[in-house]
>>> print(open('query21.cif').read())   # mmCIF, C-alpha atoms
data_final
loop_
_atom_site.label_atom_id
_atom_site.label_comp_id
_atom_site.auth_asym_id
_atom_site.auth_seq_id
_atom_site.Cartn_x
_atom_site.Cartn_y
_atom_site.Cartn_z
CA MET H 1 0.00 0.00 0.00
CA THR H 2 1.39 3.42 -0.90
CA ILE H 3 1.03 6.44 1.34
CA ALA H 4 -1.49 7.93 -1.10
CA GLU H 5 -3.51 4.71 -1.02
CA ALA H 6 -3.41 4.73 2.77
CA GLN H 7 -4.67 8.32 2.85
CA HIS H 8 -7.46 7.38 0.46
CA GLN H 9 -8.44 4.25 2.39
CA VAL H 10 -8.58 6.15 5.69
CA ASP H 11 -10.75 8.79 4.02
CA GLN H 12 -13.09 6.12 2.65
CA TRP H 13 -13.30 4.45 6.07
CA ILE H 14 -14.13 7.75 7.77
CA LYS H 15 -16.83 8.51 5.18
CA THR H 16 -18.28 4.99 5.42
CA TYR H 17 -18.03 4.19 9.14
CA GLY H 18 -16.80 7.25 10.98
CA VAL H 19 -19.58 9.71 10.10
CA ARG H 20 -17.03 12.54 9.83
CA TYR H 21 -13.50 13.45 10.84
CA PHE H 22 -12.98 14.63 14.39
CA SER H 23 -11.86 18.26 14.48
CA GLU H 24 -8.21 18.92 13.77
CA LEU H 25 -7.66 19.85 17.41
CA THR H 26 -9.30 16.63 18.63
CA ASN H 27 -7.23 14.59 16.19
CA MET H 28 -4.07 16.34 17.40
CA ALA H 29 -5.00 15.31 20.95
CA CYS H 30 -5.68 11.76 19.69
CA LEU H 31 -2.30 11.70 17.97
CA THR H 32 -0.60 12.76 21.18
CA GLU H 33 -2.46 10.03 23.06
CA GLU H 34 -1.46 7.40 20.50
CA VAL H 35 2.20 8.49 20.60
CA GLY H 36 2.03 8.15 24.39
CA GLU H 37 0.70 4.60 24.06
CA LEU H 38 3.53 3.79 21.64
CA ALA H 39 6.04 5.30 24.07
CA ARG H 40 4.65 3.13 26.88
CA VAL H 41 5.18 -0.06 24.86
CA ILE H 42 8.70 0.99 23.83
CA ALA H 43 9.59 1.87 27.44
CA ARG H 44 8.46 -1.58 28.54
CA LYS H 45 9.94 -3.55 25.65
CA TYR H 46 13.26 -1.73 25.19
CA GLY H 47 13.59 0.39 28.31
CA ASP H 48 13.76 -0.29 32.00
CA GLN H 49 10.04 -0.72 32.65
CA SER H 50 8.29 -4.08 32.67
CA PHE H 51 4.89 -4.97 31.29
CA LYS H 52 2.04 -5.01 33.76
CA LYS H 53 0.14 -8.26 34.14
CA GLY H 54 -2.07 -8.71 31.07
CA GLU H 55 -0.33 -6.03 28.96
CA GLN H 56 0.74 -7.09 25.49
CA PRO H 57 3.81 -5.87 23.58
CA ASN H 58 1.65 -4.56 20.71
CA LEU H 59 4.31 -2.36 19.11
CA GLY H 60 3.02 -2.66 15.54
CA GLU H 61 -0.56 -1.97 16.58
CA GLU H 62 0.47 1.21 18.40
CA MET H 63 2.55 2.38 15.42
CA ALA H 64 -0.41 1.76 13.12
CA ASP H 65 -2.66 3.80 15.44
CA VAL H 66 -0.20 6.72 15.26
CA LEU H 67 -0.11 6.45 11.47
CA TRP H 68 -3.92 6.27 11.26
CA VAL H 69 -4.42 9.54 13.12
CA LEU H 70 -1.59 11.21 11.18
CA LEU H 71 -3.29 10.16 7.93
CA CYS H 72 -6.56 11.62 9.22
CA LEU H 73 -4.86 14.94 9.99
CA ALA H 74 -3.21 14.98 6.57
CA ASN H 75 -6.53 14.32 4.85
CA GLN H 76 -8.48 16.93 6.70
CA THR H 77 -5.81 19.61 6.27
CA GLY H 78 -5.13 18.89 2.58
CA VAL H 79 -1.59 17.59 3.04
CA ASP H 80 -0.24 15.15 0.45
CA LEU H 81 2.03 13.04 2.64
CA THR H 82 3.70 11.37 -0.36
CA ASP H 83 4.85 14.75 -1.65
CA GLU H 84 5.81 15.98 1.80
CA LEU H 85 7.85 12.86 2.55
CA ARG H 86 9.66 13.23 -0.78
CA LYS H 87 10.48 16.85 0.11
CA SER H 88 11.64 15.75 3.55
CA PHE H 89 14.08 13.25 2.01
CA GLU H 90 15.42 15.98 -0.27
CA LYS H 91 15.82 18.41 2.64
CA LYS H 92 17.53 15.88 4.89
CA THR H 93 19.85 14.73 2.10
CA ARG H 94 20.82 18.31 1.27
CA ARG H 95 21.30 19.30 4.91
CA ASP H 96 22.71 16.10 6.38
CA HIS H 97 24.47 14.36 3.47
CA ASP H 98 27.70 13.96 5.47
CA ARG H 99 26.74 15.05 8.98
CA HIS H 100 25.96 11.60 10.40
CA GLN H 101 28.88 9.87 8.69
CA ALA H 102 31.18 12.41 10.31
CA ASN H 103 29.63 11.92 13.76
CA ALA H 104 32.05 9.93 15.90
CA LYS H 105 29.23 9.15 18.36
CA LEU H 106 27.58 6.98 15.71
CA ARG H 107 30.66 4.90 15.01
CA PRO H 108 30.90 1.41 16.59
#
>>> encode(input="query21.cif", output="structure tokens")
Amino acid sequence: MTIAEAQHQVDQWIKTYGVRYFSELTNMACLTEEVGELARVIARKYGDQSFKKGEQPNLGEEMADVLWVLLCLANQTGVDLTDELRKSFEKKTRRDHDRHQANAKLRP
């Protein structure tokens, strides 16, 4: 699935099952909540915390939830994430083309 297809499928789902998009502000709050849930799983799986009894290490599910809300925000604000990601690659390549290779902290 491409990013454009994902944006389209989320839009179709919202129009079919979701009645309408939540407001942009509500979706921003939802995105923050989903990122927090992802952070909790990462802290337990890779950090010093342990899972509580009954908690599942659902890393992929939490990442997908973050992506879902981000796609909603892109759709409702008219952002073409495919184009924006392409521009981000260009910007990072232009700005950081040798920065990380020259960073001694990243060397083994």
>>> atom_distance(input="query21.cif", atom1="atom CA of Glu62 of chain H", atom2="atom CA of Ala29 of chain H")
15.3 Å
>>> closest_residue(input="query21.cif", among="H:Lys91, H:Ala43, H:Thr32, H:Asp48", to="Leu70 of chain H", atoms="all atoms listed in the file")
H:Thr32
>>> atom_distance(input="query21.cif", atom1="atom CA of Ala4 of chain H", atom2="atom CA of Thr82 of chain H")
6.3 Å
>>> atom_distance(input="query21.cif", atom1="atom CA of Asp83 of chain H", atom2="atom CA of Val10 of chain H")
17.6 Å
>>> resolve_selection(input="query21.cif", expression="the PyMOL selection byres ((chain H and resi 34-38) around 8)", output="ChimeraX atom specification")
/H:30-33,39-42,59,62-63,65-66
>>> axis_aligned_box(input="query21.cif", around="segment 68-85 of chain H", padding_each_side="3 Å", output="JSON")
{"center_x": -0.3, "center_y": 12.9, "center_z": 5.7, "size_x": 22.3, "size_y": 19.3, "size_z": 20.8}
>>> closest_residue(input="query21.cif", among="H:Ser88, H:Arg99, H:Asp80, H:Asn75", to="Lys15 of chain H", atoms="all atoms listed in the file")
H:Asn75
>>> resolve_selection(input="query21.cif", expression="the PyMOL selection byres ((chain H and resi 11) around 12)", output="PyMOL selection string")
chain H and resi 4-10+12-21+68-76+78
>>> closest_residue(input="query21.cif", among="H:Lys53, H:Leu67, H:Lys105, H:His97", to="Leu81 of chain H", atoms="only C-alpha atoms")
H:Leu67
>>> build_atoms(input="query21.cif", residues="segment 33-44 of chain H", atoms="all heavy atoms", output="PDB file, keeping the file's coordinate frame")
ATOM      1  N   GLU H  33      -2.105  11.205  22.250  1.00  0.00           N
ATOM      2  CA  GLU H  33      -2.460  10.030  23.060  1.00  0.00           C
ATOM      3  C   GLU H  33      -1.863   8.759  22.467  1.00  0.00           C
ATOM      4  O   GLU H  33      -1.284   7.935  23.191  1.00  0.00           O
ATOM      5  CB  GLU H  33      -3.975   9.907  23.140  1.00  0.00           C
ATOM      6  CG  GLU H  33      -4.458   8.696  23.896  1.00  0.00           C
ATOM      7  CD  GLU H  33      -5.973   8.542  23.864  1.00  0.00           C
ATOM      8  OE1 GLU H  33      -6.659   9.306  23.150  1.00  0.00           O
ATOM      9  OE2 GLU H  33      -6.465   7.632  24.544  1.00  0.00           O
ATOM     10  N   GLU H  34      -1.977   8.593  21.156  1.00  0.00           N
ATOM     11  CA  GLU H  34      -1.460   7.400  20.500  1.00  0.00           C
ATOM     12  C   GLU H  34       0.068   7.331  20.592  1.00  0.00           C
ATOM     13  O   GLU H  34       0.645   6.253  20.788  1.00  0.00           O
ATOM     14  CB  GLU H  34      -1.912   7.323  19.048  1.00  0.00           C
ATOM     15  CG  GLU H  34      -3.412   7.188  18.848  1.00  0.00           C
ATOM     16  CD  GLU H  34      -4.020   5.919  19.437  1.00  0.00           C
ATOM     17  OE1 GLU H  34      -3.279   5.007  19.862  1.00  0.00           O
ATOM     18  OE2 GLU H  34      -5.257   5.836  19.472  1.00  0.00           O
ATOM     19  N   VAL H  35       0.734   8.470  20.459  1.00  0.00           N
ATOM     20  CA  VAL H  35       2.200   8.490  20.600  1.00  0.00           C
ATOM     21  C   VAL H  35       2.573   8.099  22.033  1.00  0.00           C
ATOM     22  O   VAL H  35       3.540   7.361  22.252  1.00  0.00           O
ATOM     23  CB  VAL H  35       2.777   9.870  20.218  1.00  0.00           C
ATOM     24  CG1 VAL H  35       4.239   9.991  20.637  1.00  0.00           C
ATOM     25  CG2 VAL H  35       2.645  10.102  18.713  1.00  0.00           C
ATOM     26  N   GLY H  36       1.783   8.543  23.008  1.00  0.00           N
ATOM     27  CA  GLY H  36       2.030   8.150  24.390  1.00  0.00           C
ATOM     28  C   GLY H  36       1.886   6.649  24.596  1.00  0.00           C
ATOM     29  O   GLY H  36       2.668   6.025  25.325  1.00  0.00           O
ATOM     30  N   GLU H  37       0.888   6.054  23.954  1.00  0.00           N
ATOM     31  CA  GLU H  37       0.700   4.600  24.060  1.00  0.00           C
ATOM     32  C   GLU H  37       1.871   3.862  23.416  1.00  0.00           C
ATOM     33  O   GLU H  37       2.335   2.844  23.943  1.00  0.00           O
ATOM     34  CB  GLU H  37      -0.628   4.197  23.431  1.00  0.00           C
ATOM     35  CG  GLU H  37      -1.827   4.690  24.230  1.00  0.00           C
ATOM     36  CD  GLU H  37      -3.165   4.428  23.558  1.00  0.00           C
ATOM     37  OE1 GLU H  37      -3.198   3.723  22.521  1.00  0.00           O
ATOM     38  OE2 GLU H  37      -4.182   4.927  24.065  1.00  0.00           O
ATOM     39  N   LEU H  38       2.355   4.372  22.290  1.00  0.00           N
ATOM     40  CA  LEU H  38       3.530   3.790  21.640  1.00  0.00           C
ATOM     41  C   LEU H  38       4.754   3.919  22.551  1.00  0.00           C
ATOM     42  O   LEU H  38       5.520   2.967  22.719  1.00  0.00           O
ATOM     43  CB  LEU H  38       3.781   4.470  20.291  1.00  0.00           C
ATOM     44  CG  LEU H  38       5.044   4.074  19.539  1.00  0.00           C
ATOM     45  CD1 LEU H  38       5.061   2.572  19.232  1.00  0.00           C
ATOM     46  CD2 LEU H  38       5.154   4.894  18.249  1.00  0.00           C
ATOM     47  N   ALA H  39       4.906   5.083  23.162  1.00  0.00           N
ATOM     48  CA  ALA H  39       6.040   5.300  24.070  1.00  0.00           C
ATOM     49  C   ALA H  39       5.987   4.336  25.246  1.00  0.00           C
ATOM     50  O   ALA H  39       7.027   3.820  25.684  1.00  0.00           O
ATOM     51  CB  ALA H  39       6.036   6.750  24.567  1.00  0.00           C
ATOM     52  N   ARG H  40       4.796   4.071  25.765  1.00  0.00           N
ATOM     53  CA  ARG H  40       4.650   3.130  26.880  1.00  0.00           C
ATOM     54  C   ARG H  40       5.145   1.743  26.486  1.00  0.00           C
ATOM     55  O   ARG H  40       5.907   1.108  27.222  1.00  0.00           O
ATOM     56  CB  ARG H  40       3.205   3.070  27.348  1.00  0.00           C
ATOM     57  CG  ARG H  40       3.004   2.166  28.565  1.00  0.00           C
ATOM     58  CD  ARG H  40       1.552   1.979  28.948  1.00  0.00           C
ATOM     59  NE  ARG H  40       0.850   1.264  27.883  1.00  0.00           N
ATOM     60  CZ  ARG H  40      -0.197   1.744  27.206  1.00  0.00           C
ATOM     61  NH1 ARG H  40      -0.676   2.942  27.480  1.00  0.00           N
ATOM     62  NH2 ARG H  40      -0.769   1.040  26.254  1.00  0.00           N
ATOM     63  N   VAL H  41       4.750   1.264  25.306  1.00  0.00           N
ATOM     64  CA  VAL H  41       5.180  -0.060  24.860  1.00  0.00           C
ATOM     65  C   VAL H  41       6.696  -0.093  24.658  1.00  0.00           C
ATOM     66  O   VAL H  41       7.366  -1.047  25.067  1.00  0.00           O
ATOM     67  CB  VAL H  41       4.444  -0.477  23.562  1.00  0.00           C
ATOM     68  CG1 VAL H  41       5.034  -1.757  22.982  1.00  0.00           C
ATOM     69  CG2 VAL H  41       2.959  -0.659  23.832  1.00  0.00           C
ATOM     70  N   ILE H  42       7.254   0.947  24.057  1.00  0.00           N
ATOM     71  CA  ILE H  42       8.700   0.990  23.830  1.00  0.00           C
ATOM     72  C   ILE H  42       9.454   1.036  25.159  1.00  0.00           C
ATOM     73  O   ILE H  42      10.480   0.362  25.332  1.00  0.00           O
ATOM     74  CB  ILE H  42       9.079   2.174  22.916  1.00  0.00           C
ATOM     75  CG1 ILE H  42       8.606   1.868  21.486  1.00  0.00           C
ATOM     76  CG2 ILE H  42      10.585   2.440  22.944  1.00  0.00           C
ATOM     77  CD1 ILE H  42       8.806   2.982  20.492  1.00  0.00           C
ATOM     78  N   ALA H  43       8.941   1.801  26.127  1.00  0.00           N
ATOM     79  CA  ALA H  43       9.590   1.870  27.440  1.00  0.00           C
ATOM     80  C   ALA H  43       9.598   0.513  28.126  1.00  0.00           C
ATOM     81  O   ALA H  43      10.558   0.151  28.817  1.00  0.00           O
ATOM     82  CB  ALA H  43       8.869   2.894  28.328  1.00  0.00           C
ATOM     83  N   ARG H  44       8.537  -0.257  27.912  1.00  0.00           N
ATOM     84  CA  ARG H  44       8.460  -1.580  28.540  1.00  0.00           C
ATOM     85  C   ARG H  44       9.265  -2.623  27.781  1.00  0.00           C
ATOM     86  O   ARG H  44       9.888  -3.495  28.379  1.00  0.00           O
ATOM     87  CB  ARG H  44       6.999  -2.015  28.671  1.00  0.00           C
ATOM     88  CG  ARG H  44       6.279  -1.275  29.801  1.00  0.00           C
ATOM     89  CD  ARG H  44       4.778  -1.372  29.650  1.00  0.00           C
ATOM     90  NE  ARG H  44       3.967  -0.923  30.749  1.00  0.00           N
ATOM     91  CZ  ARG H  44       3.914   0.286  31.280  1.00  0.00           C
ATOM     92  NH1 ARG H  44       4.727   1.230  30.852  1.00  0.00           N
ATOM     93  NH2 ARG H  44       3.081   0.585  32.254  1.00  0.00           N
TER      94      ARG H  44
END
